[in-house]
>>> print(open('structure01.pdb').read())   # PDB, C-alpha atoms, pLDDT in the B column
ATOM      1  CA  MET A1395     124.562  96.636 126.196  1.00 43.00           C
ATOM      2  CA  LEU A1396     122.562  99.782 126.890  1.00 39.00           C
ATOM      3  CA  LEU A1397     122.821 100.907 123.291  1.00 45.00           C
ATOM      4  CA  ARG A1398     121.791  97.478 121.973  1.00 49.00           C
ATOM      5  CA  LEU A1399     118.712  97.600 124.202  1.00 36.00           C
ATOM      6  CA  ALA A1400     117.910 101.141 123.109  1.00 44.00           C
ATOM      7  CA  LEU A1401     118.269 100.207 119.458  1.00 46.00           C
ATOM      8  CA  CYS A1402     115.957  97.224 119.858  1.00 44.00           C
ATOM      9  CA  LEU A1403     113.308  99.562 121.248  1.00 38.00           C
ATOM     10  CA  LEU A1404     113.908 102.162 118.563  1.00 42.00           C
ATOM     11  CA  LEU A1405     113.791  99.677 115.701  1.00 40.00           C
ATOM     12  CA  SER A1406     110.322  98.597 116.779  1.00 37.00           C
ATOM     13  CA  ALA A1407     109.051 102.150 117.267  1.00 41.00           C
ATOM     14  CA  PRO A1408     107.243 104.233 114.625  1.00 40.00           C
ATOM     15  CA  ALA A1409     109.644 106.046 112.324  1.00 42.00           C
ATOM     16  CA  ALA A1410     110.353 109.698 112.945  1.00 43.00           C
ATOM     17  CA  ARG A1411     109.785 112.123 110.092  1.00 49.00           C
ATOM     18  CA  ALA A1412     112.543 111.416 107.585  1.00 45.00           C
ATOM     19  CA  GLN A1413     115.030 114.181 106.975  1.00 57.00           C
ATOM     20  CA  GLN A1414     114.969 114.853 103.245  1.00 73.00           C
ATOM     21  CA  ALA A1415     118.371 115.192 101.627  1.00 84.00           C
ATOM     22  CA  GLU A1416     118.845 118.268  99.462  1.00 92.00           C
ATOM     23  CA  LEU A1417     121.583 118.865  96.932  1.00 94.00           C
ATOM     24  CA  LEU A1418     124.023 121.416  98.292  1.00 95.00           C
ATOM     25  CA  PRO A1419     123.577 124.658  96.315  1.00 96.00           C
ATOM     26  CA  ALA A1420     126.529 125.453  94.071  1.00 96.00           C
ATOM     27  CA  ALA A1421     126.967 128.836  95.766  1.00 97.00           C
ATOM     28  CA  GLU A1422     127.643 127.071  99.087  1.00 97.00           C
ATOM     29  CA  GLN A1423     130.161 124.572  97.731  1.00 97.00           C
ATOM     30  CA  PRO A1424     133.341 126.532  98.644  1.00 97.00           C
ATOM     31  CA  ALA A1425     132.360 126.536 102.320  1.00 97.00           C
ATOM     32  CA  TRP A1426     132.267 122.709 102.301  1.00 98.00           C
ATOM     33  CA  ASN A1427     135.304 121.837 100.191  1.00 98.00           C
ATOM     34  CA  ALA A1428     136.841 119.989 103.153  1.00 98.00           C
ATOM     35  CA  ILE A1429     134.280 117.250 102.478  1.00 98.00           C
ATOM     36  CA  GLY A1430     135.231 115.102  99.524  1.00 97.00           C
ATOM     37  CA  ARG A1431     134.939 111.749  97.864  1.00 96.00           C
ATOM     38  CA  VAL A1432     137.082 108.836  99.019  1.00 97.00           C
ATOM     39  CA  ASN A1433     137.596 106.799  95.861  1.00 95.00           C
ATOM     40  CA  GLN A1434     139.042 103.303  95.914  1.00 91.00           C
ATOM     41  CA  ALA A1435     140.256 102.197  92.507  1.00 79.00           C
ATOM     42  CA  GLU A1436     141.493  98.734  91.581  1.00 63.00           C
ATOM     43  CA  TYR A1437     141.665  96.816  88.349  1.00 48.00           C
ATOM     44  CA  ARG A1438     138.127  96.651  86.911  1.00 53.00           C
ATOM     45  CA  SER A1439     136.476  97.914  90.121  1.00 54.00           C
ATOM     46  CA  ARG A1440     135.713 101.173  91.901  1.00 70.00           C
ATOM     47  CA  ARG A1441     134.203 102.092  95.268  1.00 84.00           C
ATOM     48  CA  MET A1442     133.096 105.427  96.682  1.00 92.00           C
ATOM     49  CA  CYS A1443     132.695 106.790 100.215  1.00 96.00           C
ATOM     50  CA  THR A1444     132.799 110.237 101.797  1.00 97.00           C
ATOM     51  CA  GLY A1445     135.679 111.712 103.785  1.00 97.00           C
ATOM     52  CA  THR A1446     136.528 114.945 105.576  1.00 98.00           C
ATOM     53  CA  LEU A1447     139.817 116.825 105.642  1.00 98.00           C
ATOM     54  CA  ILE A1448     140.429 117.469 109.351  1.00 96.00           C
ATOM     55  CA  ALA A1449     144.093 118.520 109.035  1.00 95.00           C
ATOM     56  CA  ALA A1450     146.335 119.348 106.108  1.00 97.00           C
ATOM     57  CA  ASP A1451     147.422 115.721 105.754  1.00 96.00           C
ATOM     58  CA  LEU A1452     144.599 113.791 107.466  1.00 96.00           C
ATOM     59  CA  VAL A1453     141.199 112.638 106.194  1.00 97.00           C
ATOM     60  CA  LEU A1454     138.511 111.114 108.411  1.00 97.00           C
ATOM     61  CA  THR A1455     136.325 108.384 106.910  1.00 97.00           C
ATOM     62  CA  ALA A1456     134.699 105.068 107.802  1.00 97.00           C
ATOM     63  CA  ALA A1457     137.137 102.217 108.424  1.00 96.00           C
ATOM     64  CA  HIS A1458     135.221  99.876 106.121  1.00 95.00           C
ATOM     65  CA  CYS A1459     135.944 102.266 103.241  1.00 95.00           C
ATOM     66  CA  LEU A1460     139.639 101.394 103.588  1.00 95.00           C
ATOM     67  CA  PHE A1461     139.114  97.657 103.046  1.00 93.00           C
ATOM     68  CA  ARG A1462     138.289  95.540 100.018  1.00 88.00           C
ATOM     69  CA  ASN A1463     136.574  92.190 100.595  1.00 85.00           C
ATOM     70  CA  GLY A1464     137.810  92.162 104.184  1.00 86.00           C
ATOM     71  CA  VAL A1465     141.417  92.870 103.201  1.00 89.00           C
ATOM     72  CA  PRO A1466     143.135  96.223 103.860  1.00 91.00           C
ATOM     73  CA  ALA A1467     143.366  98.294 100.694  1.00 93.00           C
ATOM     74  CA  ARG A1468     146.707  99.529  99.399  1.00 93.00           C
ATOM     75  CA  PRO A1469     147.170 103.207 100.325  1.00 95.00           C
ATOM     76  CA  GLU A1470     148.021 104.084  96.741  1.00 94.00           C
ATOM     77  CA  ASP A1471     144.590 102.832  95.660  1.00 94.00           C
ATOM     78  CA  ILE A1472     142.740 105.292  97.930  1.00 96.00           C
ATOM     79  CA  HIS A1473     142.217 108.811  96.587  1.00 96.00           C
ATOM     80  CA  PHE A1474     140.720 111.821  98.361  1.00 97.00           C
ATOM     81  CA  VAL A1475     139.078 114.398  96.078  1.00 97.00           C
ATOM     82  CA  ALA A1476     138.146 117.470  98.127  1.00 98.00           C
ATOM     83  CA  GLY A1477     135.093 119.456  97.100  1.00 97.00           C
ATOM     84  CA  TRP A1478     134.165 117.231  94.164  1.00 96.00           C
ATOM     85  CA  ARG A1479     131.274 118.679  92.157  1.00 96.00           C
ATOM     86  CA  SER A1480     130.363 117.562  88.650  1.00 94.00           C
ATOM     87  CA  GLY A1481     133.967 117.063  87.558  1.00 93.00           C
ATOM     88  CA  ASP A1482     135.412 120.086  89.349  1.00 95.00           C
ATOM     89  CA  TYR A1483     137.265 119.787  92.631  1.00 97.00           C
ATOM     90  CA  ALA A1484     139.322 121.855  95.050  1.00 98.00           C
ATOM     91  CA  ALA A1485     142.215 119.437  95.672  1.00 98.00           C
ATOM     92  CA  HIS A1486     143.311 115.828  95.236  1.00 97.00           C
ATOM     93  CA  SER A1487     145.758 113.605  97.096  1.00 97.00           C
ATOM     94  CA  VAL A1488     146.508 109.892  97.402  1.00 97.00           C
ATOM     95  CA  ALA A1489     146.851 108.094 100.718  1.00 97.00           C
ATOM     96  CA  ALA A1490     150.340 107.370 102.000  1.00 96.00           C
ATOM     97  CA  GLU A1491     149.116 105.523 105.107  1.00 94.00           C
ATOM     98  CA  LEU A1492     145.838 104.097 106.377  1.00 95.00           C
ATOM     99  CA  LEU A1493     144.935 103.984 110.070  1.00 94.00           C
ATOM    100  CA  VAL A1494     141.937 102.226 111.563  1.00 92.00           C
ATOM    101  CA  ASP A1495     140.612 101.462 114.999  1.00 89.00           C
ATOM    102  CA  PRO A1496     142.558  98.305 115.962  1.00 87.00           C
ATOM    103  CA  GLU A1497     139.348  96.669 117.231  1.00 90.00           C
ATOM    104  CA  PHE A1498     137.439  97.118 113.974  1.00 93.00           C
ATOM    105  CA  GLU A1499     136.436  93.806 112.386  1.00 93.00           C
ATOM    106  CA  PRO A1500     135.732  94.297 108.666  1.00 91.00           C
ATOM    107  CA  ASP A1501     134.103  90.880 108.208  1.00 91.00           C
ATOM    108  CA  ALA A1502     131.802  91.124 111.229  1.00 92.00           C
ATOM    109  CA  PRO A1503     128.051  91.413 110.536  1.00 90.00           C
ATOM    110  CA  ALA A1504     126.440  94.831 110.848  1.00 86.00           C
ATOM    111  CA  SER A1505     125.846  95.687 114.492  1.00 90.00           C
ATOM    112  CA  ALA A1506     126.210  98.493 117.009  1.00 92.00           C
ATOM    113  CA  ALA A1507     129.474  96.940 118.205  1.00 93.00           C
ATOM    114  CA  ARG A1508     130.954  96.973 114.680  1.00 95.00           C
ATOM    115  CA  ALA A1509     129.702 100.502 113.945  1.00 95.00           C
ATOM    116  CA  ARG A1510     131.284 101.831 117.146  1.00 95.00           C
ATOM    117  CA  ARG A1511     134.741 100.861 115.779  1.00 94.00           C
ATOM    118  CA  ASP A1512     134.106 101.873 112.168  1.00 96.00           C
ATOM    119  CA  VAL A1513     136.491 104.844 112.176  1.00 95.00           C
ATOM    120  CA  GLY A1514     139.494 105.290 109.884  1.00 95.00           C
ATOM    121  CA  PHE A1515     141.958 107.893 108.700  1.00 95.00           C
ATOM    122  CA  MET A1516     143.929 108.492 105.521  1.00 96.00           C
ATOM    123  CA  ARG A1517     147.348 110.076 105.924  1.00 96.00           C
ATOM    124  CA  LEU A1518     147.834 111.974 102.655  1.00 97.00           C
ATOM    125  CA  ALA A1519     150.973 111.693 100.573  1.00 97.00           C
ATOM    126  CA  GLU A1520     150.658 115.373  99.635  1.00 97.00           C
ATOM    127  CA  PRO A1521     149.179 117.675 102.326  1.00 98.00           C
ATOM    128  CA  ILE A1522     146.486 120.106 101.220  1.00 98.00           C
ATOM    129  CA  ALA A1523     147.351 123.689 102.120  1.00 97.00           C
ATOM    130  CA  ALA A1524     144.869 125.688 104.188  1.00 96.00           C
ATOM    131  CA  ASP A1525     144.732 128.397 101.529  1.00 97.00           C
ATOM    132  CA  VAL A1526     143.377 125.741  99.156  1.00 98.00           C
ATOM    133  CA  VAL A1527     141.002 123.885 101.498  1.00 98.00           C
ATOM    134  CA  VAL A1528     140.335 124.822 105.125  1.00 98.00           C
ATOM    135  CA  PRO A1529     140.038 121.660 107.286  1.00 97.00           C
ATOM    136  CA  LEU A1530     136.980 120.997 109.431  1.00 97.00           C
ATOM    137  CA  PRO A1531     138.017 120.519 113.091  1.00 95.00           C
ATOM    138  CA  LEU A1532     136.845 117.705 115.361  1.00 95.00           C
ATOM    139  CA  ALA A1533     134.870 118.304 118.551  1.00 95.00           C
ATOM    140  CA  THR A1534     133.183 116.363 121.343  1.00 94.00           C
ATOM    141  CA  LEU A1535     129.407 116.087 121.044  1.00 95.00           C
ATOM    142  CA  PRO A1536     127.707 117.850 123.997  1.00 94.00           C
ATOM    143  CA  GLN A1537     125.617 115.782 126.383  1.00 92.00           C
ATOM    144  CA  ASP A1538     122.469 117.750 125.527  1.00 93.00           C
ATOM    145  CA  ASP A1539     122.499 116.282 121.984  1.00 90.00           C
ATOM    146  CA  PRO A1540     122.023 119.414 119.846  1.00 95.00           C
ATOM    147  CA  ALA A1541     120.546 119.298 116.351  1.00 95.00           C
ATOM    148  CA  LEU A1542     123.130 118.130 113.831  1.00 97.00           C
ATOM    149  CA  ALA A1543     123.736 118.144 110.087  1.00 97.00           C
ATOM    150  CA  LEU A1544     124.908 115.399 107.753  1.00 97.00           C
ATOM    151  CA  ILE A1545     126.692 116.269 104.501  1.00 97.00           C
ATOM    152  CA  GLY A1546     128.078 113.667 102.121  1.00 96.00           C
ATOM    153  CA  TYR A1547     128.023 111.997  98.723  1.00 95.00           C
ATOM    154  CA  ARG A1548     125.344 109.467  97.841  1.00 92.00           C
ATOM    155  CA  ARG A1549     125.714 106.788  95.202  1.00 88.00           C
ATOM    156  CA  ASP A1550     122.552 108.030  93.480  1.00 88.00           C
ATOM    157  CA  ARG A1551     123.859 111.633  93.542  1.00 88.00           C
ATOM    158  CA  ALA A1552     127.566 110.963  93.232  1.00 90.00           C
ATOM    159  CA  GLN A1553     128.461 114.210  91.487  1.00 92.00           C
ATOM    160  CA  ALA A1554     127.548 116.655  94.267  1.00 95.00           C
ATOM    161  CA  LEU A1555     127.158 116.854  98.029  1.00 97.00           C
ATOM    162  CA  SER A1556     123.790 116.178  99.634  1.00 96.00           C
ATOM    163  CA  ARG A1557     122.784 117.777 102.923  1.00 96.00           C
ATOM    164  CA  GLN A1558     120.364 116.671 105.635  1.00 95.00           C
ATOM    165  CA  ILE A1559     119.502 119.107 108.409  1.00 94.00           C
ATOM    166  CA  PRO A1560     118.423 118.837 111.131  1.00 95.00           C
ATOM    167  CA  CYS A1561     119.421 115.356 112.249  1.00 96.00           C
ATOM    168  CA  HIS A1562     118.480 114.334 115.768  1.00 96.00           C
ATOM    169  CA  VAL A1563     120.193 111.932 118.145  1.00 96.00           C
ATOM    170  CA  THR A1564     117.835 109.012 118.830  1.00 95.00           C
ATOM    171  CA  ALA A1565     120.184 106.804 120.896  1.00 94.00           C
ATOM    172  CA  ARG A1566     123.537 107.267 122.537  1.00 94.00           C
ATOM    173  CA  ASP A1567     126.120 105.094 124.251  1.00 89.00           C
ATOM    174  CA  ALA A1568     129.893 105.251 124.729  1.00 86.00           C
ATOM    175  CA  GLY A1569     131.397 105.930 121.338  1.00 92.00           C
ATOM    176  CA  LEU A1570     128.224 105.697 119.237  1.00 96.00           C
ATOM    177  CA  ILE A1571     125.026 107.581 118.441  1.00 97.00           C
ATOM    178  CA  GLY A1572     121.888 106.784 116.466  1.00 96.00           C
ATOM    179  CA  LEU A1573     120.430 109.390 114.096  1.00 96.00           C
ATOM    180  CA  ASP A1574     117.016 109.904 112.512  1.00 95.00           C
ATOM    181  CA  CYS A1575     118.518 110.906 109.142  1.00 94.00           C
ATOM    182  CA  PRO A1576     118.377 108.061 106.601  1.00 91.00           C
ATOM    183  CA  VAL A1577     121.551 107.222 104.684  1.00 92.00           C
ATOM    184  CA  ILE A1578     122.330 105.214 101.555  1.00 88.00           C
ATOM    185  CA  PRO A1579     125.574 103.805 100.063  1.00 85.00           C
ATOM    186  CA  GLY A1580     128.198 106.437  99.356  1.00 82.00           C
ATOM    187  CA  THR A1581     127.363 108.310 102.541  1.00 94.00           C
ATOM    188  CA  SER A1582     129.633 106.016 104.569  1.00 95.00           C
ATOM    189  CA  GLY A1583     132.285 108.139 106.264  1.00 97.00           C
ATOM    190  CA  ALA A1584     130.317 111.367 105.861  1.00 98.00           C
ATOM    191  CA  PRO A1585     130.740 113.867 108.698  1.00 98.00           C
ATOM    192  CA  VAL A1586     128.045 114.447 111.291  1.00 98.00           C
ATOM    193  CA  LEU A1587     128.330 118.156 112.047  1.00 98.00           C
ATOM    194  CA  TRP A1588     127.508 120.413 114.990  1.00 97.00           C
ATOM    195  CA  GLU A1589     127.300 124.190 114.524  1.00 97.00           C
ATOM    196  CA  THR A1590     129.162 125.854 117.395  1.00 95.00           C
ATOM    197  CA  PRO A1591     129.639 129.583 118.049  1.00 94.00           C
ATOM    198  CA  ASP A1592     133.064 129.143 116.446  1.00 95.00           C
ATOM    199  CA  GLY A1593     131.757 127.373 113.346  1.00 96.00           C
ATOM    200  CA  TRP A1594     130.921 123.843 112.244  1.00 97.00           C
ATOM    201  CA  ARG A1595     132.683 120.925 113.921  1.00 97.00           C
ATOM    202  CA  VAL A1596     132.782 117.195 113.122  1.00 97.00           C
ATOM    203  CA  VAL A1597     131.435 115.167 116.054  1.00 97.00           C
ATOM    204  CA  ALA A1598     130.759 111.794 114.406  1.00 97.00           C
ATOM    205  CA  LEU A1599     130.745 110.035 111.041  1.00 98.00           C
ATOM    206  CA  VAL A1600     128.306 107.760 109.228  1.00 97.00           C
ATOM    207  CA  SER A1601     128.930 104.034 109.577  1.00 96.00           C
ATOM    208  CA  THR A1602     125.786 102.222 108.468  1.00 94.00           C
ATOM    209  CA  ALA A1603     122.059 102.430 107.890  1.00 92.00           C
ATOM    210  CA  THR A1604     119.489 100.632 110.031  1.00 88.00           C
ATOM    211  CA  PRO A1605     116.345  98.851 108.760  1.00 77.00           C
ATOM    212  CA  SER A1606     113.937 101.055 106.834  1.00 66.00           C
ATOM    213  CA  GLY A1607     111.040 102.444 108.859  1.00 68.00           C
ATOM    214  CA  ALA A1608     112.900 102.580 112.161  1.00 76.00           C
ATOM    215  CA  ALA A1609     113.150 105.700 114.280  1.00 86.00           C
ATOM    216  CA  THR A1610     116.936 105.276 114.213  1.00 91.00           C
ATOM    217  CA  GLN A1611     117.978 105.488 110.578  1.00 93.00           C
ATOM    218  CA  ALA A1612     121.769 105.501 110.878  1.00 95.00           C
ATOM    219  CA  LEU A1613     124.554 104.596 113.294  1.00 96.00           C
ATOM    220  CA  ALA A1614     127.449 107.016 113.686  1.00 97.00           C
ATOM    221  CA  PRO A1615     130.597 106.481 115.792  1.00 97.00           C
ATOM    222  CA  LEU A1616     131.751 109.544 117.689  1.00 96.00           C
ATOM    223  CA  VAL A1617     135.115 110.958 116.645  1.00 93.00           C
ATOM    224  CA  PRO A1618     138.080 109.751 118.718  1.00 85.00           C
ATOM    225  CA  SER A1619     139.685 112.022 121.271  1.00 72.00           C
ATOM    226  CA  ALA A1620     143.194 110.541 120.936  1.00 67.00           C
ATOM    227  CA  ASP A1621     145.639 111.084 118.095  1.00 69.00           C
ATOM    228  CA  PRO A1622     145.240 108.049 115.797  1.00 71.00           C
ATOM    229  CA  ALA A1623     148.818 108.370 114.591  1.00 65.00           C
ATOM    230  CA  THR A1624     150.078 107.293 118.005  1.00 65.00           C
ATOM    231  CA  THR A1625     147.320 104.994 119.254  1.00 65.00           C
ATOM    232  CA  TRP A1626     145.837 103.167 116.260  1.00 66.00           C
ATOM    233  CA  ALA A1627     146.954 100.319 114.065  1.00 59.00           C
ATOM    234  CA  ARG A1628     148.472 101.041 110.687  1.00 59.00           C
ATOM    235  CA  ARG A1629     147.146  98.938 107.849  1.00 53.00           C
ATOM    236  CA  PRO A1630     149.445  98.376 104.861  1.00 46.00           C
TER     237      PRO A1630
END
>>> encode(input="structure01.pdb", output="C-alpha cells")
Amino acid sequence: MLLRLALCLLLSAPAARAQQAELLPAAEQPAWNAIGRVNQAEYRSRRMCTGTLIAADLVLTAAHCLFRNGVPARPEDIHFVAGWRSGDYAAHSVAAELLVDPEFEPDAPASAARARRDVGFMRLAEPIAADVVVPLPLATLPQDDPALALIGYRRDRAQALSRQIPCHVTARDAGLIGLDCPVIPGTSGAPVLWETPDGWRVVALVSTATPSGAATQALAPLVPSADPATTWARRP
C-alpha cells in the first residue's frame, strides 16, 4: 500500500533527468559476459529478454520472460546466450528447468503488485564453467539506497549491451524499488547492479516501465534471499 501511494505521487511529479543509455564499449565486454540474452524461440516466433548468470547453472531473469501468452514456456525453448555481442558470445546453454515466484500472475495487468513477483530463474541443462564466464553474485540492497547501474539488451540495440549509470532509487517498499532510469522492451530481466568494495552485485532486476515523463521510470523487484530451488514453484 505504501509503495502504491508513493508511486501515485511520483507518477504525477516532474520527471527526473533521464539517464541516457550508452552502448557498452567493446573493450569492457569481457567483464560483463555474465549478462546475456534470454531468447525464447517457438515456431514462427521469437522473444528476447535479458538474464544474468548468478551461478554456474542458474540464470536470473524476469518471470514474464518465461511465459508465452500467459502459458509457461517449455524449458527447451528458452536459451541463454552469455555475453552476446554482434554474433559473438561467451557461452550458450538451454534451460532444463524454469522456476518462478509462485505468486506471480502472468495475465495480471501491470502494477506494483505484479512487478514485485516478476522474478524467475532458468536452471541450465549444461552449466557454464567459471573459467568461461564468471557469475555475478546476488546481494541485499542497503537501506541508504546507493547509486546503481542497469545493464541489459534493448530491442532497438539487440546486438550489444546498453548501460545506464547512475540510476537512483525513487521509491521503495518490501520487495520492490522504483528507478529513474527509463527502460524499453528487451531490458526485462536486466540486472540492477550495486558496486561494492568486493565488486559488482545484483540487487534487483527490471520488471516493467512506468508511464513516460514520470519521476519513476522503471519498477524492479529486489532479488530473493531464499534459494528458489527449494522454495519456488517449478513450471514445466
>>> closest_residue(input="structure01.pdb", among="A:Gly1593, A:Pro1585, A:Pro1531, A:Pro1576", to="Gln1611 (chain A)", atoms="only C-alpha atoms")
A:Pro1576
>>> closest_atom_pairs(input="structure01.pdb", of="region 1538-1610 of chain A", to="region 1435-1457 of chain A", cutoff="6 Å", atoms="all atoms listed in the file", output="CSV")
residue,atom,partner,partner_atom,distance
A:Gly1546,CA,A:Thr1444,CA,5.8
A:Tyr1547,CA,A:Thr1444,CA,5.9
A:Gly1580,CA,A:Cys1443,CA,4.6
A:Thr1581,CA,A:Thr1444,CA,5.8
A:Ser1582,CA,A:Cys1443,CA,5.4
A:Gly1583,CA,A:Thr1455,CA,4.1
A:Ala1584,CA,A:Thr1444,CA,4.9
>>> residues_around(input="structure01.pdb", residues="region 1561-1564 of chain A", least_positions_apart="6", cutoff="7 Å", atoms="all atoms listed in the file", output="ChimeraX atom specification")
/A:1413,1539,1541-1543,1571-1575,1610
>>> residues_near_point(input="structure01.pdb", point="(144.2, 101.7, 98.4)", cutoff="9 Å", atoms="only C-alpha atoms", output="PyMOL selection string")
chain A and resi 1433-1436+1460-1462+1466-1473+1488-1489+1492+1630
>>> residues_around(input="structure01.pdb", residues="Val1617 (chain A)", least_positions_apart="5", cutoff="12 Å", atoms="only C-alpha atoms", output="VMD selection string")
chain A and resid 1446 1448 1454 to 1456 1495 1510 to 1515 1531 to 1535 1568 to 1571 1583 to 1587 1595 to 1601 1622
>>> resolve_selection(input="structure01.pdb", expression="the PyMOL selection byres ((chain A and resi 1523) around 12)", output="count of residues only")
22
>>> atom_distance(input="structure01.pdb", atom1="CA of Thr1602 (chain A)", atom2="CA of Trp1426 (chain A)")
22.4 Å
>>> decode(input="structure01.pdb", residues="region 1520-1580 of chain A", atoms="C-alpha atoms", output="tab-separated table (two decimals), in the first residue's frame")
chain	number	residue	atom	x	y	z
A	1520	GLU	CA	24.70	-27.50	-19.26
A	1521	PRO	CA	26.42	-25.45	-16.50
A	1522	ILE	CA	28.79	-22.71	-17.62
A	1523	ALA	CA	32.23	-23.09	-16.08
A	1524	ALA	CA	33.68	-20.17	-14.13
A	1525	ASP	CA	36.77	-20.13	-16.34
A	1526	VAL	CA	34.44	-19.38	-19.26
A	1527	VAL	CA	32.05	-16.90	-17.60
A	1528	VAL	CA	32.34	-15.66	-14.01
A	1529	PRO	CA	28.85	-15.38	-12.42
A	1530	LEU	CA	27.62	-12.14	-10.88
A	1531	PRO	CA	26.63	-12.71	-7.22
A	1532	LEU	CA	23.41	-11.53	-5.60
A	1533	ALA	CA	23.33	-9.09	-2.68
A	1534	THR	CA	20.84	-7.24	-0.50
A	1535	LEU	CA	20.34	-3.58	-1.40
A	1536	PRO	CA	21.46	-1.33	1.50
A	1537	GLN	CA	18.89	0.85	3.21
A	1538	ASP	CA	20.73	4.03	2.20
A	1539	ASP	CA	19.86	3.38	-1.48
A	1540	PRO	CA	23.25	3.86	-3.17
A	1541	ALA	CA	23.60	4.83	-6.82
A	1542	LEU	CA	23.05	1.83	-9.08
A	1543	ALA	CA	23.72	0.73	-12.64
A	1544	LEU	CA	21.48	-1.01	-15.16
A	1545	ILE	CA	23.00	-3.13	-17.94
A	1546	GLY	CA	20.93	-5.07	-20.45
A	1547	TYR	CA	19.83	-5.64	-24.03
A	1548	ARG	CA	17.29	-3.36	-25.67
A	1549	ARG	CA	15.11	-4.34	-28.60
A	1550	ASP	CA	16.37	-1.34	-30.57
A	1551	ARG	CA	20.01	-2.27	-29.77
A	1552	ALA	CA	19.67	-6.03	-29.62
A	1553	GLN	CA	23.22	-6.83	-30.71
A	1554	ALA	CA	25.11	-5.32	-27.76
A	1555	LEU	CA	24.66	-4.40	-24.11
A	1556	SER	CA	23.48	-0.93	-23.15
A	1557	ARG	CA	24.45	0.66	-19.84
A	1558	GLN	CA	22.74	3.31	-17.72
A	1559	ILE	CA	24.62	4.77	-14.77
A	1560	PRO	CA	23.83	6.18	-12.31
A	1561	CYS	CA	20.30	5.00	-11.59
A	1562	HIS	CA	18.65	6.31	-8.44
A	1563	VAL	CA	16.03	4.71	-6.23
A	1564	THR	CA	12.87	6.84	-6.35
A	1565	ALA	CA	10.54	4.59	-4.31
A	1566	ARG	CA	10.98	1.55	-2.13
A	1567	ASP	CA	8.75	-0.98	-0.40
A	1568	ALA	CA	9.11	-4.61	0.65
A	1569	GLY	CA	10.45	-6.49	-2.34
A	1570	LEU	CA	10.32	-3.67	-4.90
A	1571	ILE	CA	12.06	-0.44	-5.87
A	1572	GLY	CA	11.36	2.31	-8.39
A	1573	LEU	CA	14.20	3.68	-10.53
A	1574	ASP	CA	14.71	6.88	-12.51
A	1575	CYS	CA	16.36	5.04	-15.43
A	1576	PRO	CA	13.96	4.56	-18.36
A	1577	VAL	CA	13.68	1.09	-19.89
A	1578	ILE	CA	12.27	-0.30	-23.13
A	1579	PRO	CA	11.37	-3.84	-24.32
A	1580	GLY	CA	14.27	-6.26	-24.22
